[in-house]
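*Asks:* Got a structure for you, data-v7.txt, holding compact mmCIF, C-alpha atoms.
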# COMPACT_ATOMS: atom_id res chain seq x y z
CA MET S 3 131.54 -170.20 53.88
CA ASN S 4 129.50 -173.18 55.03
CA ILE S 5 127.95 -176.04 53.06
CA ASP S 6 124.50 -174.98 54.33
CA SER S 7 124.61 -171.99 52.00
CA ALA S 8 127.21 -173.04 49.43
CA LEU S 9 125.98 -176.32 47.96
CA LYS S 10 124.59 -176.25 44.42
CA LEU S 11 122.33 -179.27 44.30
CA ASP S 12 120.99 -180.79 41.10
CA ALA S 13 117.30 -181.16 40.21
CA GLN S 14 117.10 -184.21 42.50
CA GLY S 15 118.73 -182.33 45.39
CA LEU S 16 121.98 -184.25 45.05
CA LEU S 17 125.73 -183.81 44.62
CA ALA S 18 128.05 -186.19 42.76
CA ALA S 19 130.57 -187.77 45.14
CA VAL S 20 133.82 -189.21 43.80
CA ILE S 21 135.47 -191.71 46.11
CA GLN S 22 139.25 -191.91 45.86
CA ASP S 23 141.68 -194.12 47.76
CA ALA S 24 143.72 -191.59 49.74
CA ALA S 25 146.82 -193.78 49.73
CA THR S 26 146.94 -194.97 46.12
CA GLY S 27 144.96 -192.27 44.30
CA GLN S 28 142.78 -194.91 42.65
CA VAL S 29 139.24 -193.73 41.91
CA LEU S 30 137.01 -196.32 43.56
CA MET S 31 133.41 -195.30 42.80
CA VAL S 32 131.01 -192.47 42.09
CA GLY S 33 127.92 -192.07 44.24
CA TYR S 34 125.44 -189.35 45.08
CA MET S 35 124.96 -187.46 48.33
CA ASN S 36 122.19 -185.23 49.59
CA PRO S 37 123.06 -182.63 52.26
CA GLU S 38 122.13 -185.08 55.04
CA SER S 39 124.45 -187.82 53.77
CA LEU S 40 127.26 -185.29 53.30
CA LYS S 41 126.83 -184.10 56.89
CA LEU S 42 126.82 -187.69 58.18
CA THR S 43 129.99 -188.34 56.16
CA LEU S 44 131.71 -185.30 57.66
CA LYS S 45 130.51 -186.00 61.20
CA GLU S 46 131.09 -189.77 61.35
CA GLY S 47 134.15 -190.04 59.15
CA ARG S 48 132.56 -192.80 57.08
CA ALA S 49 131.05 -192.31 53.62
CA TRP S 50 127.25 -192.08 53.46
CA PHE S 51 125.30 -191.75 50.23
CA TRP S 52 121.82 -191.23 48.89
CA SER S 53 120.61 -194.19 46.86
CA ARG S 54 118.80 -192.90 43.77
CA SER S 55 117.30 -196.33 43.07
CA ARG S 56 116.11 -197.05 46.61
CA GLN S 57 115.49 -193.38 47.54
CA LYS S 58 117.12 -193.75 50.93
CA LEU S 59 120.31 -192.98 52.82
CA TRP S 60 122.91 -195.71 52.80
CA LEU S 61 126.11 -196.19 54.69
CA LYS S 62 128.68 -197.76 52.37
CA GLY S 63 129.72 -201.01 54.03
CA GLU S 64 126.58 -201.45 56.14
CA THR S 65 126.01 -204.90 54.64
CA SER S 66 129.48 -205.82 53.30
CA GLY S 67 131.54 -204.40 56.13
CA ASN S 68 133.63 -202.56 53.54
CA PHE S 69 133.30 -199.11 55.05
CA LEU S 70 135.09 -196.13 53.56
CA LYS S 71 137.01 -194.29 56.27
CA VAL S 72 137.14 -190.61 55.39
CA ILE S 73 140.52 -188.90 55.27
CA GLU S 74 139.51 -185.65 53.59
CA VAL S 75 136.48 -184.15 51.84
CA ARG S 76 136.94 -181.60 49.07
CA ILE S 77 134.39 -179.60 47.09
CA ASP S 78 134.71 -178.31 43.55
CA CYS S 79 134.69 -174.74 42.24
CA ASP S 80 130.97 -174.67 41.49
CA ALA S 81 130.02 -176.60 44.65
CA ASP S 82 128.08 -179.33 42.87
CA ALA S 83 130.50 -182.23 43.42
CA VAL S 84 132.63 -183.54 46.27
CA LEU S 85 135.81 -185.59 46.30
CA VAL S 86 136.03 -187.93 49.28
CA ARG S 87 139.53 -189.26 49.90
CA CYS S 88 139.18 -192.47 51.89
CA THR S 89 140.82 -195.54 53.30
CA PRO S 90 138.68 -198.48 52.11
CA ALA S 91 138.22 -201.41 54.48
CA GLY S 92 138.00 -203.84 51.54
CA PRO S 93 136.93 -203.97 47.90
CA THR S 94 134.66 -201.05 47.06
CA CYS S 95 132.76 -202.67 44.18
CA HIS S 96 129.93 -205.10 44.91
CA THR S 97 131.55 -207.44 42.35
CA GLY S 98 134.58 -207.84 44.62
CA GLU S 99 136.80 -205.64 42.45
CA THR S 100 138.89 -203.02 44.24
CA SER S 101 137.31 -200.25 42.15
CA CYS S 102 133.96 -200.07 40.33
CA PHE S 103 135.93 -198.77 37.31
CA TYR S 104 137.43 -202.15 36.39
CA ARG S 105 136.37 -202.04 32.72
CA ILE S 106 137.89 -200.09 29.84
CA ILE S 107 136.06 -198.57 26.87
CA SER S 108 138.06 -198.79 23.65
CA SER S 109 137.93 -196.07 20.99
CA ASP S 110 135.21 -197.96 19.08
CA GLY S 111 132.99 -198.14 22.19
CA GLU S 112 133.67 -201.76 23.11
CA ILE S 113 133.75 -202.48 26.84
CA SER S 114 136.27 -204.99 28.16
CA GLU S 115 137.81 -206.04 31.45
CA ALA S 116 140.87 -203.93 32.21
CA GLY S 117 144.34 -205.37 32.22
CA ALA S 118 144.62 -206.56 28.63
CA THR S 119 144.62 -203.00 27.31
CA ALA S 120 147.12 -200.35 28.22
CA GLY S 121 147.53 -196.75 27.15
CA ARG S 122 145.33 -194.97 24.66
CA PRO S 123 142.11 -196.97 24.15
CA MET Z 1 129.51 -205.39 24.95
CA ASN Z 2 129.26 -201.95 23.40
CA ILE Z 3 128.37 -198.58 24.93
CA ASP Z 4 125.42 -198.32 22.52
CA SER Z 5 123.59 -200.97 24.54
CA ALA Z 6 125.37 -200.83 27.90
CA LEU Z 7 125.07 -197.22 29.10
CA LYS Z 8 122.67 -196.52 31.96
CA LEU Z 9 121.83 -192.87 31.52
CA ASP Z 10 120.18 -190.73 34.19
CA ALA Z 11 116.84 -188.94 33.82
CA GLN Z 12 118.60 -186.20 31.81
CA GLY Z 13 120.23 -188.75 29.51
CA LEU Z 14 123.68 -188.20 31.05
CA LEU Z 15 126.61 -189.99 32.68
CA ALA Z 16 128.88 -188.55 35.36
CA ALA Z 17 132.45 -188.21 34.07
CA VAL Z 18 135.36 -188.06 36.50
CA ILE Z 19 138.52 -186.54 35.05
CA GLN Z 20 141.77 -187.77 36.56
CA ASP Z 21 145.34 -186.80 35.74
CA ALA Z 22 146.78 -190.06 34.38
CA ALA Z 23 150.29 -189.21 35.58
CA THR Z 24 149.65 -187.91 39.09
CA GLY Z 25 146.31 -189.53 39.96
CA GLN Z 26 144.87 -186.13 40.97
CA VAL Z 27 141.12 -185.82 40.40
CA LEU Z 28 140.76 -182.70 38.28
CA MET Z 29 137.02 -182.22 37.72
CA VAL Z 30 133.61 -183.86 37.39
CA GLY Z 31 131.50 -183.19 34.33
CA TYR Z 32 128.63 -184.82 32.51
CA MET Z 33 128.57 -186.59 29.17
CA ASN Z 34 125.75 -187.68 26.91
CA PRO Z 35 126.40 -190.58 24.52
CA GLU Z 36 127.44 -188.16 21.76
CA SER Z 37 130.08 -186.43 23.92
CA LEU Z 38 131.39 -189.80 25.11
CA LYS Z 39 131.75 -190.97 21.52
CA LEU Z 40 133.55 -187.75 20.54
CA THR Z 41 135.85 -188.23 23.54
CA LEU Z 42 136.66 -191.80 22.49
CA LYS Z 43 137.09 -190.93 18.81
CA GLU Z 44 139.07 -187.68 19.11
CA GLY Z 45 141.07 -188.46 22.22
CA ARG Z 46 140.06 -185.16 23.84
CA ALA Z 47 137.42 -184.81 26.55
CA TRP Z 48 134.01 -183.55 25.42
CA PHE Z 49 131.13 -182.89 27.80
CA TRP Z 50 127.47 -181.96 27.86
CA SER Z 51 126.87 -178.62 29.55
CA ARG Z 52 123.81 -178.92 31.77
CA SER Z 53 123.59 -175.12 32.16
CA ARG Z 54 124.00 -174.25 28.48
CA GLN Z 55 122.39 -177.47 27.17
CA LYS Z 56 125.06 -177.99 24.55
CA LEU Z 57 128.16 -180.05 23.78
CA TRP Z 58 131.44 -178.51 24.86
CA LEU Z 59 135.03 -179.41 24.16
CA LYS Z 60 137.05 -178.79 27.31
CA GLY Z 61 139.74 -176.30 26.31
CA GLU Z 62 137.90 -174.85 23.32
CA THR Z 63 138.22 -171.34 24.78
CA SER Z 64 141.12 -171.74 27.27
CA GLY Z 65 143.31 -174.02 25.17
CA ASN Z 66 143.53 -176.33 28.18
CA PHE Z 67 142.44 -179.49 26.43
CA LEU Z 68 142.35 -182.83 28.22
CA LYS Z 69 144.21 -185.43 26.17
CA VAL Z 70 142.63 -188.81 26.79
CA ILE Z 71 144.86 -191.67 27.91
CA GLU Z 72 142.17 -194.17 28.94
CA VAL Z 73 138.40 -194.27 29.49
CA ARG Z 74 136.90 -196.61 32.08
CA ILE Z 75 133.27 -197.35 32.95
CA ASP Z 76 131.88 -198.42 36.29
CA CYS Z 77 130.06 -201.61 37.26
CA ASP Z 78 126.57 -200.20 36.73
CA ALA Z 79 127.56 -198.28 33.57
CA ASP Z 80 126.32 -194.90 34.79
CA ALA Z 81 129.70 -193.20 35.28
CA VAL Z 82 132.99 -192.99 33.40
CA LEU Z 83 136.53 -192.31 34.56
CA VAL Z 84 138.61 -190.45 32.00
CA ARG Z 85 142.34 -190.60 32.67
CA CYS Z 86 143.93 -187.65 30.91
CA THR Z 87 146.98 -185.53 30.34
CA PRO Z 88 145.85 -181.93 30.94
CA ALA Z 89 147.38 -179.20 28.75
CA GLY Z 90 147.12 -176.70 31.61
CA PRO Z 91 145.05 -175.91 34.69
CA THR Z 92 141.71 -177.68 34.52
CA CYS Z 93 139.72 -175.27 36.71
CA HIS Z 94 138.44 -172.00 35.25
CA THR Z 95 139.89 -170.28 38.37
CA GLY Z 96 143.40 -171.23 37.26
CA GLU Z 97 143.76 -173.95 39.89
CA THR Z 98 145.16 -177.29 38.72
CA SER Z 99 142.04 -179.10 39.98
CA CYS Z 100 138.49 -177.87 40.55
CA PHE Z 101 138.68 -179.60 43.95
CA TYR Z 102 140.96 -177.00 45.56
CA ARG Z 103 138.77 -176.44 48.63
CA ILE Z 104 138.37 -178.61 51.72
CA ILE Z 105 135.22 -179.11 53.81
CA SER Z 106 135.96 -179.44 57.53
CA SER Z 107 133.95 -181.72 59.79
CA ASP Z 108 131.66 -178.81 60.78
CA GLY Z 109 130.86 -178.03 57.16
CA GLU Z 110 133.12 -175.00 56.75
CA ILE Z 111 134.72 -174.63 53.33
CA SER Z 112 138.29 -173.36 53.10
CA GLU Z 113 141.10 -173.21 50.58
CA ALA Z 114 143.19 -176.36 50.73
CA GLY Z 115 146.72 -176.35 52.01
CA ALA Z 116 146.17 -175.06 55.53
CA THR Z 117 144.43 -178.27 56.55
CA ALA Z 118 145.93 -181.73 56.32
CA GLY Z 119 144.58 -185.15 57.19
CA ARG Z 120 141.17 -185.80 58.67
CA PRO Z 121 138.95 -182.71 58.23
What's the structure tokens form of this structure?

*Replies:*
Amino acid sequence: MNIDSALKLDAQGLLAAVIQDAATGQVLMVGYMNPESLKLTLKEGRAWFWSRSRQKLWLKGETSGNFLKVIEVRIDCDADAVLVRCTPAGPTCHTGETSCFYRIISSDGEISEAGATAGRP
Amino acid sequence: MNIDSALKLDAQGLLAAVIQDAATGQVLMVGYMNPESLKLTLKEGRAWFWSRSRQKLWLKGETSGNFLKVIEVRIDCDADAVLVRCTPAGPTCHTGETSCFYRIISSDGEISEAGATAGRP
């Protein structure tokens, strides 16, 4: 089976793409890919996305230099999301944090910087 | 800051939700949450989603018994995705696989069961 026939795109023609550090297992970011950005990712071995806000292709790291080198690309059971296991060249988040998921939501919905809270929110 | 004011929902009023095994780091699935399902997840400590196909709330495990016990919920820098670190009660995928991401995409776009291929696709 090939992605040309298998992909189940959403109403915007996109797939969710989870970026995971292949070495540490840390989830670094979530982005969106259209079929073209997925093919570029597979072909070049660097993660490409579709920017929903700018409505254009973007190569992660094209301005920051923090490219995501692709180790492995996986697809889920219903073919509407991909998991891209990568080696990041630097911090993935534009804030300078290693991961975009640097904040915790507590059980009452309050958002705080991670680190102070451990275990069940 | 509270999720009531912070969430950046998509055109369908949803957030992407990445489910990760808190013990192993394995990414288990991607689903979608509306604010109500996120609040149920935070309050009950079990992962709730919004089904885009059925247009209703669903508690993961309500039919299979394979609930996802919540250890920690994180939110990303632009507040449009959450990372839910869980302890799964059983296989997360409806196919019986541990993770929904049990297939690999090779560099030419071919999809195959994982295991046979290692390293760079």

*Asks:* Which residues of chain Z come within 6 Å of chain S, and what is each one's closest atom pair and distance in Å (one decimal), counting all atoms listed in the file, sorted by chain and residue number, as JSON lines?

*Replies:*
{"residue": "Z:Met1", "atom": "CA", "partner": "S:Ile113", "partner_atom": "CA", "distance": 5.5}
{"residue": "Z:Asn2", "atom": "CA", "partner": "S:Glu112", "partner_atom": "CA", "distance": 4.4}
{"residue": "Z:Ile3", "atom": "CA", "partner": "S:Gly111", "partner_atom": "CA", "distance": 5.4}
{"residue": "Z:Gly25", "atom": "CA", "partner": "S:Gly27", "partner_atom": "CA", "distance": 5.3}
{"residue": "Z:Leu42", "atom": "CA", "partner": "S:Ser109", "partner_atom": "CA", "distance": 4.7}
{"residue": "Z:Lys43", "atom": "CA", "partner": "S:Ser109", "partner_atom": "CA", "distance": 5.6}
{"residue": "Z:Ile71", "atom": "CA", "partner": "S:Arg122", "partner_atom": "CA", "distance": 4.7}
{"residue": "Z:Glu72", "atom": "CA", "partner": "S:Arg122", "partner_atom": "CA", "distance": 5.4}
{"residue": "Z:Val73", "atom": "CA", "partner": "S:Ile107", "partner_atom": "CA", "distance": 5.6}
{"residue": "Z:Arg74", "atom": "CA", "partner": "S:Ile106", "partner_atom": "CA", "distance": 4.3}
{"residue": "Z:Ile75", "atom": "CA", "partner": "S:Phe103", "partner_atom": "CA", "distance": 5.3}
{"residue": "Z:Asp76", "atom": "CA", "partner": "S:Phe103", "partner_atom": "CA", "distance": 4.2}
{"residue": "Z:Cys77", "atom": "CA", "partner": "S:Cys102", "partner_atom": "CA", "distance": 5.2}
{"residue": "Z:Cys100", "atom": "CA", "partner": "S:Asp78", "partner_atom": "CA", "distance": 4.8}
{"residue": "Z:Phe101", "atom": "CA", "partner": "S:Asp78", "partner_atom": "CA", "distance": 4.2}
{"residue": "Z:Arg103", "atom": "CA", "partner": "S:Arg76", "partner_atom": "CA", "distance": 5.5}
{"residue": "Z:Ile104", "atom": "CA", "partner": "S:Arg76", "partner_atom": "CA", "distance": 4.2}
{"residue": "Z:Ile105", "atom": "CA", "partner": "S:Val75", "partner_atom": "CA", "distance": 5.6}
{"residue": "Z:Ser107", "atom": "CA", "partner": "S:Leu44", "partner_atom": "CA", "distance": 4.7}
{"residue": "Z:Gly109", "atom": "CA", "partner": "S:Ile5", "partner_atom": "CA", "distance": 5.4}
{"residue": "Z:Glu110", "atom": "CA", "partner": "S:Asn4", "partner_atom": "CA", "distance": 4.4}
{"residue": "Z:Ile111", "atom": "CA", "partner": "S:Met3", "partner_atom": "CA", "distance": 5.5}
{"residue": "Z:Gly119", "atom": "CA", "partner": "S:Ile73", "partner_atom": "CA", "distance": 5.9}
{"residue": "Z:Arg120", "atom": "CA", "partner": "S:Ile73", "partner_atom": "CA", "distance": 4.6}
{"residue": "Z:Pro121", "atom": "CA", "partner": "S:Glu74", "partner_atom": "CA", "distance": 5.5}

*Asks:* Kindly provide, as AutoDock Vina command-line options, the centre and edge lengths (Å, one decimal) of an axis-aligned box around all atoms of region 98-108 of chain S given in the file, with 3 Å on each side.

*Replies:*
--center_x 136.4 --center_y -203.2 --center_z 34.1 --size_x 10.9 --size_y 15.3 --size_z 27.0

*Asks:* Have a look at CA of Phe49 (chain Z) and CA of Leu14 (chain Z) and let me know their distance in Å, one decimal.

*Replies:*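 Rounded to one decimal, the two atoms are 9.7 Å apart.
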
*Asks:* What does the distance between CA of Arg56 (chain S) and CA of Gln55 (chain Z) come to in Å, to one decimal place?

*Replies:*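 Computing the Euclidean distance for CA of Arg56 (chain S) and CA of Gln55 (chain Z) yields 28.3 Å.
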
*Asks:* Can you measure CA of Ser37 (chain Z) to CA of Ala23 (chain Z) for me? One decimal in Å is fine.

*Replies:*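 For CA of Ser37 (chain Z) relative to CA of Ala23 (chain Z), the distance reads 23.5 Å.
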
*Asks:* List as a ChimeraX atom specification the protein and nucleic acid residues near Leu61 (chain S), meaning an atom at most 7 Å away when only C-alpha atoms are counted, but skip any in the same chain fewer than 2 places from it.

*Replies:* /S:49-51,59,63-64

*Asks:* Counting only C-alpha atoms, note down every residue that has an atom within 9 Å of the point (135.6, -206.0, 51.7) (file coordinates), as a compact mmCIF listing (two decimals) with C-alpha atoms, in the coordinates of the input.

*Replies:*
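Result saved to part-v3.txt:
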# COMPACT_ATOMS: atom_id res chain seq x y z
CA GLY S 63 129.72 -201.01 54.03
CA SER S 66 129.48 -205.82 53.30
CA GLY S 67 131.54 -204.40 56.13
CA ASN S 68 133.63 -202.56 53.54
CA PHE S 69 133.30 -199.11 55.05
CA PRO S 90 138.68 -198.48 52.11
CA ALA S 91 138.22 -201.41 54.48
CA GLY S 92 138.00 -203.84 51.54
CA PRO S 93 136.93 -203.97 47.90
CA THR S 94 134.66 -201.05 47.06
CA CYS S 95 132.76 -202.67 44.18
CA HIS S 96 129.93 -205.10 44.91
CA GLY S 98 134.58 -207.84 44.62
CA THR S 100 138.89 -203.02 44.24

*Asks:* Calculated over only C-alpha atoms, which of the candidates Z:Asp21, Z:Thr87, Z:Asn34, Z:Leu7 has the smallest distance to Lys56 (chain Z)?

*Replies:* Z:Asn34

*Asks:* Taking all atoms listed in the file into account, which of Z:Ser5, Z:Thr63, Z:Trp50, Z:Leu68 comes nearest Glu36 (chain Z)?

*Replies:*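 Between Z:Ser5, Z:Thr63, Z:Trp50, Z:Leu68, the residue approaching Glu36 (chain Z) most closely is Z:Trp50.
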